[in-house]
file query19.cif (mmCIF, C-alpha atoms)
data_coords
#
loop_
_atom_site.group_PDB
_atom_site.id
_atom_site.type_symbol
_atom_site.label_atom_id
_atom_site.label_comp_id
_atom_site.auth_asym_id
_atom_site.auth_seq_id
_atom_site.Cartn_x
_atom_site.Cartn_y
_atom_site.Cartn_z
ATOM 1 C CA MET A 1 28.174 10.090 -45.003
ATOM 2 C CA ASP A 2 29.826 8.924 -41.754
ATOM 3 C CA ALA A 3 28.730 5.916 -39.679
ATOM 4 C CA TRP A 4 26.583 8.000 -37.303
ATOM 5 C CA GLU A 5 24.717 9.695 -40.158
ATOM 6 C CA ALA A 6 24.165 6.321 -41.824
ATOM 7 C CA ARG A 7 22.720 4.894 -38.588
ATOM 8 C CA VAL A 8 20.353 7.828 -38.215
ATOM 9 C CA LYS A 9 19.212 7.554 -41.829
ATOM 10 C CA GLN A 10 18.591 3.809 -41.518
ATOM 11 C CA SER A 11 16.693 4.251 -38.234
ATOM 12 C CA ASN A 12 14.503 6.963 -39.749
ATOM 13 C CA ILE A 13 13.527 4.582 -42.560
ATOM 14 C CA GLN A 14 13.213 1.353 -40.567
ATOM 15 C CA TYR A 15 11.300 2.801 -37.623
ATOM 16 C CA ALA A 16 9.495 5.674 -39.363
ATOM 17 C CA ASP A 17 6.005 5.061 -37.930
ATOM 18 C CA GLY A 18 7.201 4.485 -34.373
ATOM 19 C CA LEU A 19 9.565 7.458 -34.508
ATOM 20 C CA ARG A 20 6.701 9.694 -35.613
ATOM 21 C CA LEU A 21 4.897 8.941 -32.342
ATOM 22 C CA LEU A 22 8.071 9.127 -30.240
ATOM 23 C CA ARG A 23 8.676 12.609 -31.617
ATOM 24 C CA GLN A 24 5.124 13.724 -30.801
ATOM 25 C CA PRO A 25 4.628 12.566 -27.190
ATOM 26 C CA VAL A 26 1.052 13.055 -26.077
ATOM 27 C CA LEU A 27 1.728 13.830 -22.402
ATOM 28 C CA PRO A 28 2.682 17.509 -22.958
ATOM 29 C CA LEU A 29 -0.604 17.974 -24.815
ATOM 30 C CA VAL A 30 -2.525 16.279 -22.005
ATOM 31 C CA SER A 31 -0.990 18.678 -19.480
ATOM 32 C CA MET A 32 -1.857 21.622 -21.718
ATOM 33 C CA LEU A 33 -5.450 20.415 -22.119
ATOM 34 C CA ARG A 34 -5.800 19.935 -18.365
ATOM 35 C CA PHE A 35 -4.701 23.517 -17.708
ATOM 36 C CA LEU A 36 -7.031 24.948 -20.348
ATOM 37 C CA PHE A 37 -10.010 22.850 -19.274
ATOM 38 C CA LEU A 38 -9.762 23.381 -15.518
ATOM 39 C CA PHE A 39 -9.691 27.151 -15.985
ATOM 40 C CA ASP A 40 -12.399 27.216 -18.662
ATOM 41 C CA PRO A 41 -16.108 27.678 -17.789
ATOM 42 C CA ARG A 42 -17.175 24.845 -20.078
ATOM 43 C CA THR A 43 -17.870 21.438 -18.543
ATOM 44 C CA SER A 44 -17.034 19.276 -21.582
ATOM 45 C CA VAL A 45 -13.456 18.276 -22.421
ATOM 46 C CA GLY A 46 -14.581 17.734 -25.998
ATOM 47 C CA GLU A 47 -15.585 21.381 -26.410
ATOM 48 C CA VAL A 48 -12.170 22.605 -25.280
ATOM 49 C CA LEU A 49 -10.448 19.956 -27.383
ATOM 50 C CA ASP A 50 -12.349 21.061 -30.503
ATOM 51 C CA GLU A 51 -11.011 24.601 -30.129
ATOM 52 C CA LEU A 52 -7.340 23.739 -29.716
ATOM 53 C CA PRO A 53 -5.242 25.627 -32.267
ATOM 54 C CA GLU A 54 -3.448 23.692 -34.974
ATOM 55 C CA PRO A 55 -0.553 23.222 -35.291
ATOM 56 C CA ILE A 56 0.897 23.441 -31.764
ATOM 57 C CA GLU A 57 4.620 23.814 -31.149
ATOM 58 C CA THR A 58 6.192 23.125 -27.761
ATOM 59 C CA ALA A 59 9.805 23.287 -26.633
ATOM 60 C CA GLY A 60 10.308 19.681 -27.706
ATOM 61 C CA ALA A 61 7.863 18.910 -30.519
ATOM 62 C CA LEU A 62 5.688 20.189 -33.350
ATOM 63 C CA TYR A 63 2.160 18.732 -33.397
ATOM 64 C CA ASP A 64 0.530 19.130 -36.781
ATOM 65 C CA ARG A 65 -2.823 17.569 -35.717
ATOM 66 C CA PRO A 66 -3.010 17.784 -31.908
ATOM 67 C CA ARG A 67 -6.810 17.390 -31.787
ATOM 68 C CA GLU A 68 -6.657 14.106 -33.676
ATOM 69 C CA LEU A 69 -3.808 12.874 -31.496
ATOM 70 C CA LEU A 70 -5.629 13.649 -28.245
ATOM 71 C CA ALA A 71 -8.918 12.238 -29.541
ATOM 72 C CA GLY A 72 -7.331 8.775 -29.388
ATOM 73 C CA TYR A 73 -7.298 9.092 -25.591
ATOM 74 C CA GLY A 74 -10.847 10.392 -25.210
ATOM 75 C CA GLY A 75 -11.857 7.797 -22.632
ATOM 76 C CA SER A 76 -9.015 8.752 -20.306
ATOM 77 C CA LEU A 77 -9.363 12.489 -20.871
ATOM 78 C CA ALA A 78 -13.060 12.383 -19.973
ATOM 79 C CA ARG A 79 -11.938 11.799 -16.381
ATOM 80 C CA LEU A 80 -10.885 15.459 -16.293
ATOM 81 C CA GLU A 81 -14.581 16.343 -16.155
ATOM 82 C CA ALA A 82 -15.031 14.441 -12.880
ATOM 83 C CA MET A 83 -11.913 16.098 -11.453
ATOM 84 C CA LYS A 84 -13.237 19.537 -12.360
ATOM 85 C CA GLN A 85 -16.458 18.771 -10.502
ATOM 86 C CA GLY A 86 -14.574 17.588 -7.421
ATOM 87 C CA ARG A 87 -15.455 13.906 -7.951
ATOM 88 C CA TYR A 88 -12.238 12.049 -7.275
ATOM 89 C CA SER A 89 -11.348 8.364 -7.305
ATOM 90 C CA HIS A 90 -9.739 8.606 -3.854
ATOM 91 C CA VAL A 91 -7.048 6.140 -4.914
ATOM 92 C CA GLY A 92 -4.128 6.911 -2.619
ATOM 93 C CA VAL A 93 -0.886 8.168 -4.189
ATOM 94 C CA VAL A 94 2.171 9.339 -2.239
ATOM 95 C CA ASP A 95 5.171 11.320 -3.417
ATOM 96 C CA GLU A 96 8.788 10.144 -3.273
ATOM 97 C CA GLU A 97 8.916 11.019 0.456
ATOM 98 C CA ASN A 98 5.675 9.076 1.120
ATOM 99 C CA ASN A 99 3.604 12.217 1.600
ATOM 100 C CA PRO A 100 0.011 11.875 0.301
ATOM 101 C CA LEU A 101 -0.830 13.795 -2.858
ATOM 102 C CA ASP A 102 -3.985 15.874 -2.904
ATOM 103 C CA PRO A 103 -6.898 14.129 -4.694
ATOM 104 C CA LEU A 104 -6.730 16.289 -7.847
ATOM 105 C CA THR A 105 -2.991 15.708 -8.319
ATOM 106 C CA ALA A 106 -3.324 12.010 -7.501
ATOM 107 C CA ASP A 107 -6.057 11.467 -10.073
ATOM 108 C CA PHE A 108 -4.153 13.404 -12.716
ATOM 109 C CA VAL A 109 -0.927 11.406 -12.332
ATOM 110 C CA LEU A 110 -3.004 8.208 -12.558
ATOM 111 C CA LEU A 111 -4.528 9.562 -15.758
ATOM 112 C CA GLN A 112 -1.018 10.298 -17.055
ATOM 113 C CA GLN A 113 0.076 6.735 -16.271
ATOM 114 C CA GLU A 114 -2.942 5.404 -18.174
ATOM 115 C CA VAL A 115 -2.218 7.582 -21.208
ATOM 116 C CA LEU A 116 1.491 6.690 -21.192
ATOM 117 C CA THR A 117 0.694 2.978 -21.018
ATOM 118 C CA VAL A 118 -1.578 3.122 -24.070
ATOM 119 C CA GLU A 119 0.796 5.377 -26.022
ATOM 120 C CA LEU A 120 3.864 3.243 -25.358
ATOM 121 C CA GLU A 121 2.030 0.064 -26.333
ATOM 122 C CA ARG A 122 1.278 1.706 -29.675
ATOM 123 C CA ILE A 123 4.862 2.854 -30.074
ATOM 124 C CA ASN A 124 6.184 -0.582 -29.161
ATOM 125 C CA SER A 125 3.969 -2.305 -31.719
ATOM 126 C CA LEU A 126 5.251 0.005 -34.449
ATOM 127 C CA LEU A 127 8.907 -0.467 -33.493
ATOM 128 C CA CYS A 128 8.812 -4.174 -32.701
ATOM 129 C CA GLY A 129 7.776 -5.466 -36.139
ATOM 130 C CA PRO A 130 10.528 -3.731 -38.159
ATOM 131 C CA CYS A 131 13.084 -4.684 -35.480
ATOM 132 C CA GLY A 132 13.028 -8.300 -36.662
ATOM 133 C CA CYS A 133 14.560 -9.859 -33.550
ATOM 134 C CA ASP A 134 13.414 -12.832 -31.463
ATOM 135 C CA LEU A 135 14.805 -11.887 -28.051
ATOM 136 C CA CYS A 136 11.352 -12.017 -26.439
ATOM 137 C CA CYS A 137 10.650 -15.426 -27.983
ATOM 138 C CA THR A 138 13.644 -17.429 -26.749
ATOM 139 C CA GLY A 139 15.035 -18.688 -23.472
ATOM 140 C CA PRO A 140 18.434 -17.599 -22.109
ATOM 141 C CA ASP A 141 21.459 -18.561 -24.143
ATOM 142 C CA ALA A 142 24.364 -20.488 -22.639
ATOM 143 C CA ALA A 143 26.286 -17.317 -21.688
ATOM 144 C CA MET A 144 23.434 -15.746 -19.690
ATOM 145 C CA ALA A 145 23.200 -15.934 -15.903
ATOM 146 C CA GLN A 146 19.466 -16.626 -15.974
ATOM 147 C CA GLU A 147 18.285 -20.241 -16.015
ATOM 148 C CA PHE A 148 14.905 -19.429 -17.563
ATOM 149 C CA PHE A 149 12.599 -16.646 -18.702
ATOM 150 C CA GLU A 150 9.010 -16.441 -17.501
ATOM 151 C CA ILE A 151 6.201 -15.257 -19.800
ATOM 152 C CA PRO A 152 3.036 -14.511 -17.746
ATOM 153 C CA LEU A 153 -0.175 -15.575 -19.493
ATOM 154 C CA ALA A 154 -3.866 -14.955 -18.941
ATOM 155 C CA PRO A 155 -6.052 -18.102 -18.718
ATOM 156 C CA GLY A 156 -7.660 -17.352 -22.071
ATOM 157 C CA GLU A 157 -4.240 -17.267 -23.760
ATOM 158 C CA LEU A 158 -3.152 -20.797 -22.863
ATOM 159 C CA GLU A 159 -4.765 -22.424 -25.889
ATOM 160 C CA SER A 160 -2.293 -20.630 -28.153
ATOM 161 C CA PHE A 161 0.588 -22.637 -26.670
ATOM 162 C CA PRO A 162 0.608 -26.404 -27.385
ATOM 163 C CA LEU A 163 2.744 -27.262 -24.363
ATOM 164 C CA THR A 164 2.593 -29.589 -21.373
ATOM 165 C CA ARG A 165 0.728 -28.006 -18.458
ATOM 166 C CA HIS A 166 1.804 -28.397 -14.844
ATOM 167 C CA ASP A 167 -0.874 -27.530 -12.299
ATOM 168 C CA SER A 168 -0.582 -28.956 -8.784
ATOM 169 C CA PRO A 169 -0.858 -27.943 -5.128
ATOM 170 C CA ALA A 170 2.946 -27.660 -5.121
ATOM 171 C CA SER A 171 3.030 -25.253 -8.073
ATOM 172 C CA ARG A 172 0.136 -23.167 -6.714
ATOM 173 C CA ARG A 173 1.993 -22.629 -3.442
ATOM 174 C CA ARG A 174 4.968 -21.088 -5.209
ATOM 175 C CA ARG A 175 6.083 -18.367 -7.579
ATOM 176 C CA ALA A 176 8.645 -18.912 -10.287
ATOM 177 C CA ASP A 177 11.282 -16.864 -8.459
ATOM 178 C CA ASP A 178 10.843 -18.485 -5.024
ATOM 179 C CA GLU A 179 13.995 -19.874 -3.404
ATOM 180 C CA ASP A 180 12.031 -23.026 -2.575
ATOM 181 C CA GLU A 181 11.909 -23.957 -6.238
ATOM 182 C CA LEU A 182 9.320 -26.209 -7.809
ATOM 183 C CA ARG A 183 10.598 -29.616 -8.891
ATOM 184 C CA LEU A 184 9.017 -31.605 -11.708
ATOM 185 C CA GLY A 185 9.985 -35.217 -12.270
ATOM 186 C CA GLY A 186 12.808 -34.845 -9.772
ATOM 187 C CA ARG A 187 14.331 -31.843 -11.564
ATOM 188 C CA PRO A 188 14.039 -28.072 -11.089
ATOM 189 C CA PHE A 189 11.167 -26.802 -13.277
ATOM 190 C CA TYR A 190 13.609 -24.807 -15.429
ATOM 191 C CA ARG A 191 15.640 -27.914 -16.313
ATOM 192 C CA LEU A 192 12.893 -29.447 -18.386
ATOM 193 C CA ASP A 193 13.799 -30.452 -21.942
ATOM 194 C CA GLU A 194 11.313 -28.043 -23.501
ATOM 195 C CA PRO A 195 9.120 -25.032 -22.625
ATOM 196 C CA ALA A 196 6.143 -25.700 -20.383
ATOM 197 C CA LEU A 197 3.077 -24.005 -18.915
ATOM 198 C CA VAL A 198 2.991 -23.795 -15.110
ATOM 199 C CA HIS A 199 0.181 -22.633 -12.832
ATOM 200 C CA TRP A 200 1.841 -20.657 -10.048
ATOM 201 C CA GLN A 201 0.445 -18.909 -6.996
ATOM 202 C CA ASN A 202 0.031 -15.769 -9.114
ATOM 203 C CA GLY A 203 -1.342 -17.462 -12.240
ATOM 204 C CA TRP A 204 -0.193 -19.220 -15.385
ATOM 205 C CA SER A 205 3.079 -18.580 -17.187
ATOM 206 C CA MET A 206 5.186 -20.123 -19.909
ATOM 207 C CA ILE A 207 8.674 -21.109 -18.810
ATOM 208 C CA LEU A 208 11.415 -20.898 -21.443
ATOM 209 C CA PRO A 209 14.486 -22.848 -20.231
ATOM 210 C CA LYS A 210 17.993 -22.163 -21.524
ATOM 211 C CA GLY A 211 18.311 -22.690 -25.258
ATOM 212 C CA SER A 212 14.560 -23.102 -25.839
ATOM 213 C CA ASP A 213 12.160 -21.255 -28.152
ATOM 214 C CA CYS A 214 8.529 -20.255 -27.846
ATOM 215 C CA PRO A 215 6.508 -22.886 -29.763
ATOM 216 C CA ASN A 216 4.993 -20.103 -31.862
ATOM 217 C CA LEU A 217 8.355 -18.929 -33.199
ATOM 218 C CA ALA A 218 8.567 -20.228 -36.769
ATOM 219 C CA PRO A 219 11.730 -22.402 -36.999
ATOM 220 C CA GLY A 220 14.695 -20.712 -38.616
ATOM 221 C CA THR A 221 12.999 -17.283 -38.604
ATOM 222 C CA THR A 222 12.179 -14.395 -36.291
ATOM 223 C CA ARG A 223 8.489 -14.621 -37.247
ATOM 224 C CA CYS A 224 5.736 -15.208 -34.681
ATOM 225 C CA ARG A 225 3.062 -17.516 -36.072
ATOM 226 C CA ILE A 226 0.334 -15.914 -33.919
ATOM 227 C CA TYR A 227 1.592 -12.319 -34.095
ATOM 228 C CA SER A 228 -1.831 -10.729 -34.638
ATOM 229 C CA GLY A 229 -3.270 -12.741 -31.736
ATOM 230 C CA ARG A 230 -0.201 -12.822 -29.494
ATOM 231 C CA PRO A 231 -0.655 -12.575 -25.697
ATOM 232 C CA GLU A 232 -0.913 -9.267 -23.908
ATOM 233 C CA VAL A 233 2.555 -9.619 -22.370
ATOM 234 C CA CYS A 234 4.064 -9.854 -25.863
ATOM 235 C CA ARG A 235 2.419 -6.540 -26.784
ATOM 236 C CA ARG A 236 3.916 -4.602 -23.902
ATOM 237 C CA PRO A 237 6.648 -2.132 -24.660
ATOM 238 C CA GLN A 238 10.303 -2.433 -23.825
ATOM 239 C CA ILE A 239 9.877 1.187 -22.746
ATOM 240 C CA PHE A 240 7.889 1.048 -19.504
ATOM 241 C CA PRO A 241 6.046 4.026 -17.984
ATOM 242 C CA TYR A 242 6.499 4.587 -14.269
ATOM 243 C CA MET A 243 4.645 7.839 -13.671
ATOM 244 C CA VAL A 244 3.505 5.873 -10.619
ATOM 245 C CA GLU A 245 4.321 2.408 -9.322
ATOM 246 C CA PRO A 246 2.322 0.063 -7.068
ATOM 247 C CA PHE A 247 3.025 0.778 -3.413
ATOM 248 C CA GLN A 248 2.039 -0.716 -0.084
ATOM 249 C CA GLY A 249 2.755 1.723 2.703
ATOM 250 C CA SER A 250 2.155 1.473 6.415
ATOM 251 C CA GLY A 251 0.297 4.764 6.839
ATOM 252 C CA GLU A 252 -3.421 5.404 7.044
ATOM 253 C CA PRO A 253 -5.136 5.596 4.706
ATOM 254 C CA LYS A 254 -2.955 3.146 2.820
ATOM 255 C CA ALA A 255 -1.627 4.371 -0.520
ATOM 256 C CA ALA A 256 -1.880 2.202 -3.627
ATOM 257 C CA TYR A 257 0.782 4.025 -5.687
ATOM 258 C CA ARG A 258 3.974 6.020 -5.300
ATOM 259 C CA LEU A 259 4.905 8.842 -7.666
ATOM 260 C CA ARG A 260 8.031 8.030 -9.693
ATOM 261 C CA ARG A 261 7.929 10.155 -12.890
ATOM 262 C CA SER A 262 10.273 7.695 -14.603
ATOM 263 C CA LEU A 263 10.624 5.831 -17.866
ATOM 264 C CA LEU A 264 12.375 2.444 -17.932
ATOM 265 C CA ALA A 265 13.896 1.365 -21.257
ATOM 266 C CA VAL A 266 15.236 -2.187 -21.583
ATOM 267 C CA THR A 267 18.403 -2.032 -23.665
ATOM 268 C CA ASP A 268 18.455 -5.758 -24.502
ATOM 269 C CA CYS A 269 15.939 -4.833 -27.196
ATOM 270 C CA PRO A 270 17.684 -3.753 -30.426
ATOM 271 C CA TYR A 271 15.298 -0.888 -31.155
ATOM 272 C CA VAL A 272 15.725 0.494 -27.642
ATOM 273 C CA SER A 273 19.488 0.255 -27.932
ATOM 274 C CA GLY A 274 19.482 1.905 -31.358
ATOM 275 C CA LEU A 275 17.041 4.685 -30.475
ATOM 276 C CA GLN A 276 18.356 5.770 -27.076
ATOM 277 C CA ASP A 277 18.680 9.423 -28.120
ATOM 278 C CA GLU A 278 15.115 9.515 -29.415
ATOM 279 C CA ILE A 279 13.787 7.793 -26.286
ATOM 280 C CA ALA A 280 15.727 10.250 -24.106
ATOM 281 C CA ALA A 281 14.129 13.161 -25.992
ATOM 282 C CA TYR A 282 10.684 11.587 -25.486
ATOM 283 C CA ALA A 283 11.330 11.230 -21.747
ATOM 284 C CA ALA A 284 12.546 14.829 -21.480
ATOM 285 C CA ALA A 285 9.461 16.157 -23.292
ATOM 286 C CA CYS A 286 7.254 14.202 -20.844
ATOM 287 C CA GLU A 287 9.328 15.443 -17.874
ATOM 288 C CA LEU A 288 10.246 11.867 -16.947
ATOM 289 C CA HIS A 289 13.536 10.508 -15.618
ATOM 290 C CA LEU A 290 14.956 7.959 -18.071
ATOM 291 C CA VAL A 291 16.367 4.712 -16.686
ATOM 292 C CA LEU A 292 18.272 2.453 -19.110
ATOM 293 C CA LYS A 293 18.643 -1.132 -17.962
ATOM 294 C CA ARG A 294 19.553 -4.600 -19.205
ATOM 295 C CA ASN A 295 17.268 -7.466 -18.204
ATOM 296 C CA LYS A 296 19.184 -10.379 -19.701
ATOM 297 C CA LEU A 297 22.531 -10.828 -17.946
#
call {"tool": "encode", "arguments": {"input": "query19.cif", "output": "structure tokens"}}
result
Amino acid sequence: MDAWEARVKQSNIQYADGLRLLRQPVLPLVSMLRFLFLFDPRTSVGEVLDELPEPIETAGALYDRPRELLAGYGGSLARLEAMKQGRYSHVGVVDEENNPLDPLTADFVLLQQEVLTVELERINSLLCGPCGCDLCCTGPDAAMAQEFFEIPLAPGELESFPLTRHDSPASRRRRADDEDELRLGGRPFYRLDEPALVHWQNGWSMILPKGSDCPNLAPGTTRCRIYSGRPEVCRRPQIFPYMVEPFQGSGEPKAAYRLRRSLLAVTDCPYVSGLQDEIAAYAAACELHLVLKRNKL
């Protein structure tokens, strides 16, 4: 067995549950269901879903239980019923040239973004645990260009972090990346001796200065002490869906999103780096452009 075969074998064992979902991307099934439903006389997505054949094989995947897989996205798929009846959200979406999409197409790409977000959070959770790294739990090391990492937090998540809180008119006027940087005790906020919680213009975040650790990282390990109750930001994937992205245009009516049809994978993460071929196959099956990028420089 050569080195490449050994890597593949180890990945298949270590990341088995996450790979199973990566190899059965739900978006092709969603597109298939949309086509069947919109041209079917029935008004219930569930009725069409119940009659899907099993298994289903596409150009990129074999789905042994497609009905069960799609059922996990029932709330999102129910929006197809409103689309079929001509009841649209009227959320503005433009294409890459800033041309407005028709309401049916706009609502469907928003549905796709919603499904991708949920699916990739599930995939991330299954890949993150076996990965066993602590890159998301530590500040920049001495060789990195960044002075700090920012971890956005919801107000209800603050109690999980026993850290000093900084909340002042000065902090609320700024964002962490503003050139007019916040100073605390005469020093830039990122030169504090330990992590801290800061209330910025856009909300609370934890600041991890160089060489620091999240207080919930168990010393000498890669184990999170609040893993089951960790903040939302810690549950997000290192594979980000960009079917659409937020957009503020100058036209009328103003669009809220721009169509991108992209997938961003952050290669700092060991499982992303090790599974690039599998992630590329997932992106191709979903008809998304894959962007590989490092965040920590």
call {"tool": "resolve_selection", "arguments": {"input": "query19.cif", "expression": "the PyMOL selection byres ((chain A and resi 125) around 10)", "output": "PyMOL selection string"}}
result
chain A and resi 17-18+120-124+126-130+234-237
call {"tool": "closest_residue", "arguments": {"input": "query19.cif", "among": "A:Cys131, A:Leu49, A:Ala255, A:Val109", "to": "Ile13 in chain A", "atoms": "all atoms listed in the file"}}
result
A:Cys131
call {"tool": "closest_residue", "arguments": {"input": "query19.cif", "among": "A:Leu52, A:Ser44, A:Ile207, A:Lys254", "to": "Thr138 in chain A", "atoms": "all atoms listed in the file"}}
result
A:Ile207
call {"tool": "resolve_selection", "arguments": {"input": "query19.cif", "expression": "the PyMOL selection byres ((chain A and resi 63) around 12)", "output": "VMD selection string"}}
result
chain A and resid 20 to 26 28 to 29 52 to 62 64 to 70
call {"tool": "write_last_selection", "arguments": {"input": "query19.cif", "atoms": "C-alpha atoms", "output": "mmCIF file, in the frame of the given file"}}
result
data_model
loop_
_atom_site.group_PDB
_atom_site.id
_atom_site.type_symbol
_atom_site.label_atom_id
_atom_site.label_comp_id
_atom_site.auth_asym_id
_atom_site.auth_seq_id
_atom_site.Cartn_x
_atom_site.Cartn_y
_atom_site.Cartn_z
ATOM 1 C CA ARG A 20 6.701 9.694 -35.613
ATOM 2 C CA LEU A 21 4.897 8.941 -32.342
ATOM 3 C CA LEU A 22 8.071 9.127 -30.240
ATOM 4 C CA ARG A 23 8.676 12.609 -31.617
ATOM 5 C CA GLN A 24 5.124 13.724 -30.801
ATOM 6 C CA PRO A 25 4.628 12.566 -27.190
ATOM 7 C CA VAL A 26 1.052 13.055 -26.077
ATOM 8 C CA PRO A 28 2.682 17.509 -22.958
ATOM 9 C CA LEU A 29 -0.604 17.974 -24.815
ATOM 10 C CA LEU A 52 -7.340 23.739 -29.716
ATOM 11 C CA PRO A 53 -5.242 25.627 -32.267
ATOM 12 C CA GLU A 54 -3.448 23.692 -34.974
ATOM 13 C CA PRO A 55 -0.553 23.222 -35.291
ATOM 14 C CA ILE A 56 0.897 23.441 -31.764
ATOM 15 C CA GLU A 57 4.620 23.814 -31.149
ATOM 16 C CA THR A 58 6.192 23.125 -27.761
ATOM 17 C CA ALA A 59 9.805 23.287 -26.633
ATOM 18 C CA GLY A 60 10.308 19.681 -27.706
ATOM 19 C CA ALA A 61 7.863 18.910 -30.519
ATOM 20 C CA LEU A 62 5.688 20.189 -33.350
ATOM 21 C CA ASP A 64 0.530 19.130 -36.781
ATOM 22 C CA ARG A 65 -2.823 17.569 -35.717
ATOM 23 C CA PRO A 66 -3.010 17.784 -31.908
ATOM 24 C CA ARG A 67 -6.810 17.390 -31.787
ATOM 25 C CA GLU A 68 -6.657 14.106 -33.676
ATOM 26 C CA LEU A 69 -3.808 12.874 -31.496
ATOM 27 C CA LEU A 70 -5.629 13.649 -28.245
#
call {"tool": "resolve_selection", "arguments": {"input": "query19.cif", "expression": "the PyMOL selection byres ((chain A and resi 150-166) around 6)", "output": "PyMOL selection string"}}
result
chain A and resi 149+167+196-198+204-207
call {"tool": "closest_residue", "arguments": {"input": "query19.cif", "among": "A:Ala284, A:Leu19, A:Phe189, A:Val233", "to": "Val272 in chain A", "atoms": "all atoms listed in the file"}}
result
A:Leu19
call {"tool": "residues_near_point", "arguments": {"input": "query19.cif", "point": "(-4.1, 22.5, -18.5)", "cutoff": "12 Å", "atoms": "all atoms listed in the file", "output": "PyMOL selection string"}}
result
chain A and resi 27-40+45+48-49+52+77+80+84+108
call {"tool": "atom_distance", "arguments": {"input": "query19.cif", "atom1": "CA of Arg87 in chain A", "atom2": "CA of Glu245 in chain A"}}
result
22.9 Å
call {"tool": "atom_distance", "arguments": {"input": "query19.cif", "atom1": "CA of Gln85 in chain A", "atom2": "CA of Thr105 in chain A"}}
result
14.0 Å
call {"tool": "residues_around", "arguments": {"input": "query19.cif", "residues": "Ser89 in chain A", "least_positions_apart": "2", "cutoff": "12 Å", "atoms": "all atoms listed in the file", "output": "ChimeraX atom specification"}}
result
/A:79-80,82-83,86-87,91-93,102-111,256
call {"tool": "decode", "arguments": {"input": "query19.cif", "residues": "range 117-138 of chain A", "atoms": "C-alpha atoms", "output": "PDB file, in the first residue's frame"}}
result
ATOM      1  CA  THR A 117     -26.243  25.745   5.433  1.00  0.00           C
ATOM      2  CA  VAL A 118     -28.017  23.052   7.458  1.00  0.00           C
ATOM      3  CA  GLU A 119     -26.324  20.198   5.582  1.00  0.00           C
ATOM      4  CA  LEU A 120     -22.825  21.622   5.946  1.00  0.00           C
ATOM      5  CA  GLU A 121     -23.323  22.257   9.656  1.00  0.00           C
ATOM      6  CA  ARG A 122     -24.155  18.568  10.020  1.00  0.00           C
ATOM      7  CA  ILE A 123     -21.158  17.547   7.947  1.00  0.00           C
ATOM      8  CA  ASN A 124     -18.872  19.852   9.910  1.00  0.00           C
ATOM      9  CA  SER A 125     -20.019  18.436  13.242  1.00  0.00           C
ATOM     10  CA  LEU A 126     -19.262  14.908  12.053  1.00  0.00           C
ATOM     11  CA  LEU A 127     -15.819  15.820  10.706  1.00  0.00           C
ATOM     12  CA  CYS A 128     -14.746  18.198  13.458  1.00  0.00           C
ATOM     13  CA  GLY A 129     -14.829  15.755  16.387  1.00  0.00           C
ATOM     14  CA  PRO A 130     -12.598  13.057  14.834  1.00  0.00           C
ATOM     15  CA  CYS A 131     -10.236  15.770  13.535  1.00  0.00           C
ATOM     16  CA  GLY A 132      -8.904  16.343  17.052  1.00  0.00           C
ATOM     17  CA  CYS A 133      -7.345  19.756  16.438  1.00  0.00           C
ATOM     18  CA  ASP A 134      -7.666  23.003  18.403  1.00  0.00           C
ATOM     19  CA  LEU A 135      -7.130  25.565  15.643  1.00  0.00           C
ATOM     20  CA  CYS A 136     -10.509  27.205  16.302  1.00  0.00           C
ATOM     21  CA  CYS A 137      -9.802  27.390  20.039  1.00  0.00           C
ATOM     22  CA  THR A 138      -6.489  29.267  20.074  1.00  0.00           C
TER      23      THR A 138
END
